[in-house]
Protein chains: 4
Amino acid sequence: MQITGVLIPVPTPFDDRDRVDTGRLRRALEKWNARPLSGIVVLGTTGEAALMDDFESDQAIVAARDVVPRDRRFIVGTGRESTQAAIKASKRAAEHGADAVLVRTPGFYKSQMTNDAFVRHYTAVADASPVPVLLYNFTAVTGVNLLPAAVARLATHPNIAGMKESGGDIAQIADLVSNTPKDFIVLAGSAATFYPALCVGAVGGILALGCAAPDACVRLFELFRAGRHDEAVALQRELVPLARLVGPTHGIPGLKAALNLLGYDVGAPRPPLAPVADAVLPVLREALARFEEIPA
Amino acid sequence: MQITGVLIPVPTPFDDRDRVDTGRLRRALEKWNARPLSGIVVLGTTGEAALMDDFESDQAIVAARDVVPRDRRFIVGTGRESTQAAIKASKRAAEHGADAVLVRTPGFYKSQMTNDAFVRHYTAVADASPVPVLLYNFTAVTGVNLLPAAVARLATHPNIAGMKESGGDIAQIADLVSNTPKDFIVLAGSAATFYPALCVGAVGGILALGCAAPDACVRLFELFRAGRHDEAVALQRELVPLARLVGPTHGIPGLKAALNLLGYDVGAPRPPLAPVADAVLPVLREALARFEEIPA
Amino acid sequence: MQITGVLIPVPTPFDDRDRVDTGRLRRALEKWNARPLSGIVVLGTTGEAALMDDFESDQAIVAARDVVPRDRRFIVGTGRESTQAAIKASKRAAEHGADAVLVRTPGFYKSQMTNDAFVRHYTAVADASPVPVLLYNFTAVTGVNLLPAAVARLATHPNIAGMKESGGDIAQIADLVSNTPKDFIVLAGSAATFYPALCVGAVGGILALGCAAPDACVRLFELFRAGRHDEAVALQRELVPLARLVGPTHGIPGLKAALNLLGYDVGAPRPPLAPVADAVLPVLREALARFEEIPA
Amino acid sequence: MQITGVLIPVPTPFDDRDRVDTGRLRRALEKWNARPLSGIVVLGTTGEAALMDDFESDQAIVAARDVVPRDRRFIVGTGRESTQAAIKASKRAAEHGADAVLVRTPGFYKSQMTNDAFVRHYTAVADASPVPVLLYNFTAVTGVNLLPAAVARLATHPNIAGMKESGGDIAQIADLVSNTPKDFIVLAGSAATFYPALCVGAVGGILALGCAAPDACVRLFELFRAGRHDEAVALQRELVPLARLVGPTHGIPGLKAALNLLGYDVGAPRPPLAPVADAVLPVLREALARFEEIPA
């Protein structure tokens, strides 16, 4: 398995009765199909997977699989707190056509989440999963840190293909790259540090920002690959404010609002998440307008 | 609704194929029935609820309801990340006979978990729940903090009866007590600070330590009520080492190991949790022996 | 050495050219002499000692020693980052008449501040100091934590008399008490948790709040001693808002503003600290008025 | 003023009676003079300045000024907790021949260290300093964060030439660069992220690692400048383990031990710092041997 370039973790639309809206999900995915993205991740953190049940998860997978072209990576988030639930979710995702599963670390029982616990968990999942496993570390959300030392042990598993690291600690990303075999895929999850992550050896990114500004993110990746570092640095800097708005500052509500402004019609986040305040919309609009055309 | 004294959050036994073992749950509960506890909480943090699915949750509730006497509080943990899932879980728990539900804060999308978000979430749950709601804050696990300011707003809801605060910050517990009506029930969740929590106005505790040392925990509560503060302080101090062992230090694996030593037969924790190392057992045994008789 | 009751860490007045103003320091101390306080601490955290040089420190000590009655404890803060500087400062303080020195942990090189480092540092200081040493832990300021395990080792030193713990973690205070000999003096530093600290074995407090509300703090201590716990709890709760205002919320600028409102004339804090905004004054005034008469 | 390339923050040798040893400082500096470094910083964090008094500081400055060639930058650390002390130290450093002063943020009264406080502090220091001022942010040590928003305000001051940022948060370094004028000098302080910091616009570094591996650090800088990014990435990765050993892992004791192995004769750290355990020496030796010849 090879993954490179920019993949996007797509949000899950809900209808006005708070049910998964697969129609809107399909239409949004069709719009992204027109962009030079390398792949699609459903049911990631951005997909509000943590707020959905297993039946809803299956609905989203099936709908998305149908629309995502076969020449793009189709990856499904299957992280769960228990090992057996992560295995079941990974098997279901594979049945429904996932090319790979992205398995967020468990993090509820923080003090017990040692390197050994992570190695046991991921080994069991990778042993059972019919498709390749990508590890997924997102410390800001989970409160635990999947350290390079544990990843080094897991990277030799034949069914563990790579990792998404959502933290902005570039030294940690550098460690991940240098502690793993050459073909272990390290993907960045933080758009605000995508370029320096590429500098230290990440081969691509799964970027929420890529939902809102796909061409700019892909262009940043291409500039890096072409060795045009000054332009890459300049573009990275330009992207940071928007990355912040749809990331740490306003989270999924911010991303959904941005996508709605761009015509993707992804609706509101699921409670307890709430739409951004109206005052945020002009700020989002201005930040988006630097990268995308905004429908009137 | 009135709750006072010591309640215990019971662990969930799993069998050797990692399935909920309701037989062992019943037998363990019968043993606790012989102790002077005020109530039982199933599917709390200690119950590994975060590692169980909805079907398994129902199994545990039904089995426990059957065994817990009617004159003791029977409380079910129904916290979920999404508001609608917390509502569904609370309704199911009520149908199965819960006296109240204990609803842990959502915490996955940390940066969005503002006071307003918590107020919306709990108001919706309390509006829909057929039985009284207890708020539940456990910052060490969730990474978010349900602050006294938000609790003050929620405490006026007619179906929100009280709160479990698992943190050891006594000033925060004092604030909870002073910012809420007189009949709002504040329960401590940290055994290592149970006595000072009572000093500042908590009316009881939901204590994992109470599973392993029920009589000692109840005695601490009674000493406080009788104004025998010196003895209470002395007993509190004695309890701290064991509270640490089955709490922050070894977590649920530690508590399950302790209970197995005491003859409760609650089995191993569910992966990715793992049993404690053998070297921990004599340490647990020694700490337990100060409070309970250990079968040969 | 015996210390009990309420001591206060007095602020250092500066004149309008940012020099130590010993005249105002003397006059303020004379006012406090009329209150039932057990002692005075100069050059503590509240005394802005971290912003003063050695010459200025000597000025403050000499002036204060002259005014503080012999029947009250006169304690001087002599914490420094280097062991040799802490020793020199402690010797100077003793020469100038300190009854004891209060030695804050070094904390600059955080990652090196192990238990062993603290034991070496304090042992060297206590070996050299002509007067008894009080350990001093204030994690919120120093970023390091002098743990009960290290204190237990130090408490057997014949010239280490006790400790001030400024954190609000009551379990840690309980541990300090239970891990040290009976005559080891544990003093609380956080007014917002003074009462629960007394409950778990602290024998007094060094409380910045005591500068602004001395009688109330002493009354809280006396209520505890008399076993009148309900009244103590009520008074503790009443004190929390003011404790916050002159503590975590507005710090030394808040305390100096409060004292100026009460007629102590302690001037402005030293830059980079700045006086509180004018809008804070009515808030302080209202909180103070519950405990002290405010001159017109 | 222009600064670029690699500067090193030199340690301060102490003799066996714990006094500043200017003879050894001179000899060490002479050895570094043979390396392609852009400049020398005395009395930085690495120089144990926090453990030295003003007299000792002057000794170190005078001795170093004498040895550092005029064509290299000679920078003196003059950070103090009080504004007036930072001003005095900066004036003294200028009198003794500093080309610029490096002024660490005050950080003791953390909750009061707002953007406004930093702007006031640094404006006062820069107004008074006879030589250009470099801001200095080292959150891991001070516990406070000099944010890009405050730096943007300070960067327009005619006597504030630039900044050393010791954190590894590359997004923050990118923000510093993009929020300040083109000629504002941003220097990295973390060797483990030197290369990505250069990628986002830092123009050089003040690197403790540069004391131990000067040629390798300069080579990393030159590779970046030449656009040889693959080689730069590879070298950066190679340097990380040593950077960790003489940085976060063993701190100044680790760096001093490494330098002693290399023949610099910088002695032991000042108490409460202690030399590294003997077991660390072979680890250091092995990590050093990849970059420098180790005398037998």
# chains A, B, ... in the order shown; residues from 1 in each chain; ligands from 1
$ interface_residues --of "chain C" --to "chain D" --cutoff "6 Å" --atoms "only C-alpha atoms" --output "list in words"
Leu51, Glu81, Ser82, Thr83, Phe108, Ala117, His121, Val141, Pro271 and Pro272 of chain C
$ write_last_selection --atoms "N, CA, C and O atoms" --output "PDB file, in the first residue's frame"
ATOM      1  N   LEU C  51      11.534  40.067  42.797  1.00  0.00           N
ATOM      2  CA  LEU C  51      11.813  41.291  42.029  1.00  0.00           C
ATOM      3  C   LEU C  51      12.807  42.198  42.749  1.00  0.00           C
ATOM      4  O   LEU C  51      13.039  43.326  42.324  1.00  0.00           O
ATOM      5  N   GLU C  81      17.652  30.386  43.507  1.00  0.00           N
ATOM      6  CA  GLU C  81      17.835  29.295  42.559  1.00  0.00           C
ATOM      7  C   GLU C  81      19.096  28.482  42.833  1.00  0.00           C
ATOM      8  O   GLU C  81      19.118  27.274  42.642  1.00  0.00           O
ATOM      9  N   SER C  82      20.161  29.123  43.294  1.00  0.00           N
ATOM     10  CA  SER C  82      21.376  28.348  43.586  1.00  0.00           C
ATOM     11  C   SER C  82      21.441  28.041  45.074  1.00  0.00           C
ATOM     12  O   SER C  82      20.969  28.809  45.918  1.00  0.00           O
ATOM     13  N   THR C  83      22.030  26.926  45.391  1.00  0.00           N
ATOM     14  CA  THR C  83      22.147  26.512  46.782  1.00  0.00           C
ATOM     15  C   THR C  83      22.987  27.518  47.559  1.00  0.00           C
ATOM     16  O   THR C  83      22.622  27.918  48.674  1.00  0.00           O
ATOM     17  N   PHE C 108      14.025  26.787  38.345  1.00  0.00           N
ATOM     18  CA  PHE C 108      14.342  27.267  36.997  1.00  0.00           C
ATOM     19  C   PHE C 108      14.666  26.089  36.078  1.00  0.00           C
ATOM     20  O   PHE C 108      14.106  25.972  34.992  1.00  0.00           O
ATOM     21  N   ALA C 117      17.613  16.167  43.981  1.00  0.00           N
ATOM     22  CA  ALA C 117      18.121  17.536  43.910  1.00  0.00           C
ATOM     23  C   ALA C 117      17.547  18.365  45.062  1.00  0.00           C
ATOM     24  O   ALA C 117      18.268  19.153  45.695  1.00  0.00           O
ATOM     25  N   HIS C 121      19.701  20.136  48.025  1.00  0.00           N
ATOM     26  CA  HIS C 121      19.600  21.584  48.200  1.00  0.00           C
ATOM     27  C   HIS C 121      19.194  21.935  49.633  1.00  0.00           C
ATOM     28  O   HIS C 121      19.865  22.717  50.314  1.00  0.00           O
ATOM     29  N   VAL C 141       3.651  28.668  40.900  1.00  0.00           N
ATOM     30  CA  VAL C 141       4.622  29.709  40.572  1.00  0.00           C
ATOM     31  C   VAL C 141       5.930  29.118  40.039  1.00  0.00           C
ATOM     32  O   VAL C 141       6.522  29.635  39.094  1.00  0.00           O
ATOM     33  N   PRO C 271       7.197  46.957  38.551  1.00  0.00           N
ATOM     34  CA  PRO C 271       7.158  46.451  37.170  1.00  0.00           C
ATOM     35  C   PRO C 271       8.093  45.243  36.999  1.00  0.00           C
ATOM     36  O   PRO C 271       9.167  45.234  37.609  1.00  0.00           O
ATOM     37  N   PRO C 272       7.697  44.262  36.182  1.00  0.00           N
ATOM     38  CA  PRO C 272       6.610  44.306  35.193  1.00  0.00           C
ATOM     39  C   PRO C 272       5.213  44.127  35.764  1.00  0.00           C
ATOM     40  O   PRO C 272       4.271  44.174  34.985  1.00  0.00           O
TER      41      PRO C 272
END
$ residues_around --residues "Leu235 in chain A" --least-positions-apart "4" --cutoff "7 Å" --atoms "only C-alpha atoms" --output "PyMOL selection string"
chain A and resi 220+231+239
$ residues_around --residues "range 259-264 of chain A" --least-positions-apart "5" --cutoff "9 Å" --atoms "only C-alpha atoms" --output "list in words"
Arg24, Arg27, Ala28, Leu29, Lys31, Cys211, Ala212, Gly254, Leu281, Leu284, Arg285, Leu288, Glu292, Glu293, Ile294 and Pro295 of chain A
$ residues_around --residues "Val200 in chain C" --least-positions-apart "4" --cutoff "10 Å" --atoms "only C-alpha atoms" --output "PyMOL selection string"
(chain B and resi 193+195-196+229-230+232-234+236-237) or (chain C and resi 170-178+195-196)
$ atom_distance --atom1 "CA of Phe74 in chain A" --atom2 "CA of Gly39 in chain A"
5.8 Å
$ select_by_dssp --residues "range 129-273 of chain A" --states "alpha helix (DSSP H)" --output "NGL selection string"
:A and (139-142 or 148-154 or 170-178 or 194-199 or 209-212 or 214-225 or 229-244 or 251-261)
$ select_by_dssp --residues "range 37-237 of chain D" --states "strand (DSSP E or B)" --output "ChimeraX atom specification"
/D:39-42,73-77,100-104,133-137,160-165,169,185-188,204-206
$ write_last_selection --atoms "C-alpha atoms" --output "PDB file, in the first residue's frame"
ATOM      1  CA  GLY D  39      28.522  34.239  17.625  1.00  0.00           C
ATOM      2  CA  ILE D  40      28.642  33.563  21.314  1.00  0.00           C
ATOM      3  CA  VAL D  41      26.005  34.030  23.997  1.00  0.00           C
ATOM      4  CA  VAL D  42      27.156  34.236  27.600  1.00  0.00           C
ATOM      5  CA  ARG D  73      28.381  38.453  17.590  1.00  0.00           C
ATOM      6  CA  PHE D  74      28.889  38.733  21.310  1.00  0.00           C
ATOM      7  CA  ILE D  75      25.556  38.563  23.065  1.00  0.00           C
ATOM      8  CA  VAL D  76      24.851  38.676  26.797  1.00  0.00           C
ATOM      9  CA  GLY D  77      21.827  37.265  28.586  1.00  0.00           C
ATOM     10  CA  ALA D 100      23.299  42.885  21.928  1.00  0.00           C
ATOM     11  CA  VAL D 101      21.415  41.637  24.965  1.00  0.00           C
ATOM     12  CA  LEU D 102      19.194  38.584  25.095  1.00  0.00           C
ATOM     13  CA  VAL D 103      16.389  39.237  27.553  1.00  0.00           C
ATOM     14  CA  ARG D 104      14.432  36.244  28.760  1.00  0.00           C
ATOM     15  CA  VAL D 133      17.604  43.881  22.484  1.00  0.00           C
ATOM     16  CA  LEU D 134      16.687  40.338  21.515  1.00  0.00           C
ATOM     17  CA  LEU D 135      13.494  38.959  23.044  1.00  0.00           C
ATOM     18  CA  TYR D 136      13.786  35.464  24.470  1.00  0.00           C
ATOM     19  CA  ASN D 137      10.974  33.002  24.982  1.00  0.00           C
ATOM     20  CA  ILE D 160      14.359  45.474  19.451  1.00  0.00           C
ATOM     21  CA  ALA D 161      16.265  43.587  16.795  1.00  0.00           C
ATOM     22  CA  GLY D 162      14.866  40.108  17.022  1.00  0.00           C
ATOM     23  CA  MET D 163      14.018  37.116  19.118  1.00  0.00           C
ATOM     24  CA  LYS D 164      15.145  33.715  20.279  1.00  0.00           C
ATOM     25  CA  GLU D 165      12.298  31.217  20.460  1.00  0.00           C
ATOM     26  CA  ASP D 169       6.262  24.605  18.092  1.00  0.00           C
ATOM     27  CA  ILE D 185      15.627  38.387  13.366  1.00  0.00           C
ATOM     28  CA  VAL D 186      13.982  35.122  14.424  1.00  0.00           C
ATOM     29  CA  LEU D 187      16.448  32.647  15.928  1.00  0.00           C
ATOM     30  CA  ALA D 188      15.613  29.083  16.879  1.00  0.00           C
ATOM     31  CA  GLY D 204      19.653  31.115  12.463  1.00  0.00           C
ATOM     32  CA  GLY D 205      19.840  29.492  15.845  1.00  0.00           C
ATOM     33  CA  ILE D 206      21.265  29.860  19.325  1.00  0.00           C
TER      34      ILE D 206
END
$ closest_residue --among "A:Pro13, A:Phe184, A:Gly201, A:Asn159" --to "Ala128 in chain A" --atoms "only C-alpha atoms"
A:Asn159
$ closest_residue --among "C:Val10, C:Ala216, C:Ala126, C:Val144" --to "Pro158 in chain C" --atoms "only C-alpha atoms"
C:Ala126
$ residues_around --residues "Arg72 in chain C" --least-positions-apart "6" --cutoff "10 Å" --atoms "only C-alpha atoms" --output "PyMOL selection string"
chain C and resi 3+7+33+36-40+99
$ decode --residues "range 268-282 of chain D" --atoms "all heavy atoms" --output "compact mmCIF listing (two decimals), in the first residue's frame"
# COMPACT_ATOMS: atom_id res chain seq x y z
N ALA D 268 31.84 21.07 36.59
CA ALA D 268 30.54 20.56 37.03
C ALA D 268 29.52 21.69 37.07
O ALA D 268 29.89 22.86 37.15
CB ALA D 268 30.67 19.93 38.40
N PRO D 269 28.25 21.36 37.02
CA PRO D 269 27.23 22.40 37.19
C PRO D 269 27.17 22.86 38.63
O PRO D 269 27.71 22.21 39.53
CB PRO D 269 25.94 21.69 36.77
CG PRO D 269 26.19 20.24 36.97
CD PRO D 269 27.65 20.02 36.77
N ARG D 270 26.54 23.99 38.83
CA ARG D 270 26.43 24.56 40.17
C ARG D 270 25.24 23.95 40.91
O ARG D 270 24.17 23.81 40.33
CB ARG D 270 26.24 26.08 40.01
CG ARG D 270 25.99 26.83 41.29
CD ARG D 270 26.13 28.33 41.13
NE ARG D 270 27.51 28.76 41.41
CZ ARG D 270 27.90 30.03 41.53
NH1 ARG D 270 27.04 31.01 41.34
NH2 ARG D 270 29.15 30.32 41.80
N PRO D 271 25.38 23.60 42.17
CA PRO D 271 24.24 23.09 42.93
C PRO D 271 23.10 24.12 43.00
O PRO D 271 23.40 25.31 43.11
CB PRO D 271 24.81 22.80 44.32
CG PRO D 271 26.29 22.66 44.09
CD PRO D 271 26.62 23.57 42.94
N PRO D 272 21.85 23.68 42.92
CA PRO D 272 21.38 22.31 43.12
C PRO D 272 21.54 21.41 41.90
O PRO D 272 21.17 20.24 42.00
CB PRO D 272 19.89 22.49 43.46
CG PRO D 272 19.50 23.72 42.72
CD PRO D 272 20.72 24.62 42.79
N LEU D 273 22.02 21.90 40.77
CA LEU D 273 22.33 20.99 39.67
C LEU D 273 23.46 20.07 40.08
O LEU D 273 24.34 20.47 40.85
CB LEU D 273 22.70 21.78 38.42
CG LEU D 273 21.61 22.69 37.84
CD1 LEU D 273 22.10 23.40 36.58
CD2 LEU D 273 20.34 21.91 37.53
N ALA D 274 23.45 18.87 39.56
CA ALA D 274 24.47 17.90 39.91
C ALA D 274 24.98 17.24 38.63
O ALA D 274 24.26 17.19 37.63
CB ALA D 274 23.88 16.83 40.83
N PRO D 275 26.23 16.79 38.65
CA PRO D 275 26.76 16.11 37.47
C PRO D 275 25.90 14.89 37.10
O PRO D 275 25.24 14.32 37.97
CB PRO D 275 28.16 15.65 37.91
CG PRO D 275 28.50 16.53 39.07
CD PRO D 275 27.20 16.84 39.75
N VAL D 276 25.93 14.51 35.83
CA VAL D 276 25.19 13.31 35.43
C VAL D 276 25.81 12.08 36.08
O VAL D 276 26.98 12.08 36.46
CB VAL D 276 25.19 13.13 33.90
CG1 VAL D 276 24.44 14.25 33.21
CG2 VAL D 276 26.61 13.00 33.37
N ALA D 277 25.01 11.04 36.21
CA ALA D 277 25.52 9.77 36.73
C ALA D 277 26.57 9.22 35.76
O ALA D 277 26.51 9.47 34.55
CB ALA D 277 24.36 8.78 36.88
N ASP D 278 27.50 8.46 36.29
CA ASP D 278 28.57 7.89 35.45
C ASP D 278 28.01 7.06 34.30
O ASP D 278 28.59 7.03 33.21
CB ASP D 278 29.48 7.01 36.31
CG ASP D 278 30.41 7.86 37.18
OD1 ASP D 278 30.48 9.09 36.95
OD2 ASP D 278 31.05 7.29 38.07
N ALA D 279 26.88 6.42 34.54
CA ALA D 279 26.31 5.54 33.51
C ALA D 279 25.92 6.32 32.25
O ALA D 279 25.75 5.73 31.18
CB ALA D 279 25.09 4.82 34.08
N VAL D 280 25.78 7.62 32.39
CA VAL D 280 25.37 8.42 31.23
C VAL D 280 26.56 8.68 30.30
O VAL D 280 26.39 8.91 29.09
CB VAL D 280 24.74 9.75 31.71
CG1 VAL D 280 24.41 10.67 30.54
CG2 VAL D 280 23.49 9.48 32.55
N LEU D 281 27.75 8.63 30.83
CA LEU D 281 28.92 9.04 30.04
C LEU D 281 29.11 8.21 28.77
O LEU D 281 29.31 8.79 27.69
CB LEU D 281 30.18 9.01 30.92
CG LEU D 281 30.14 10.02 32.09
CD1 LEU D 281 31.42 9.93 32.91
CD2 LEU D 281 29.93 11.45 31.60
N PRO D 282 29.06 6.88 28.85
CA PRO D 282 29.23 6.13 27.59
C PRO D 282 28.14 6.45 26.56
O PRO D 282 28.40 6.45 25.36
CB PRO D 282 29.17 4.66 28.03
CG PRO D 282 28.81 4.65 29.47
CD PRO D 282 29.00 6.00 30.03
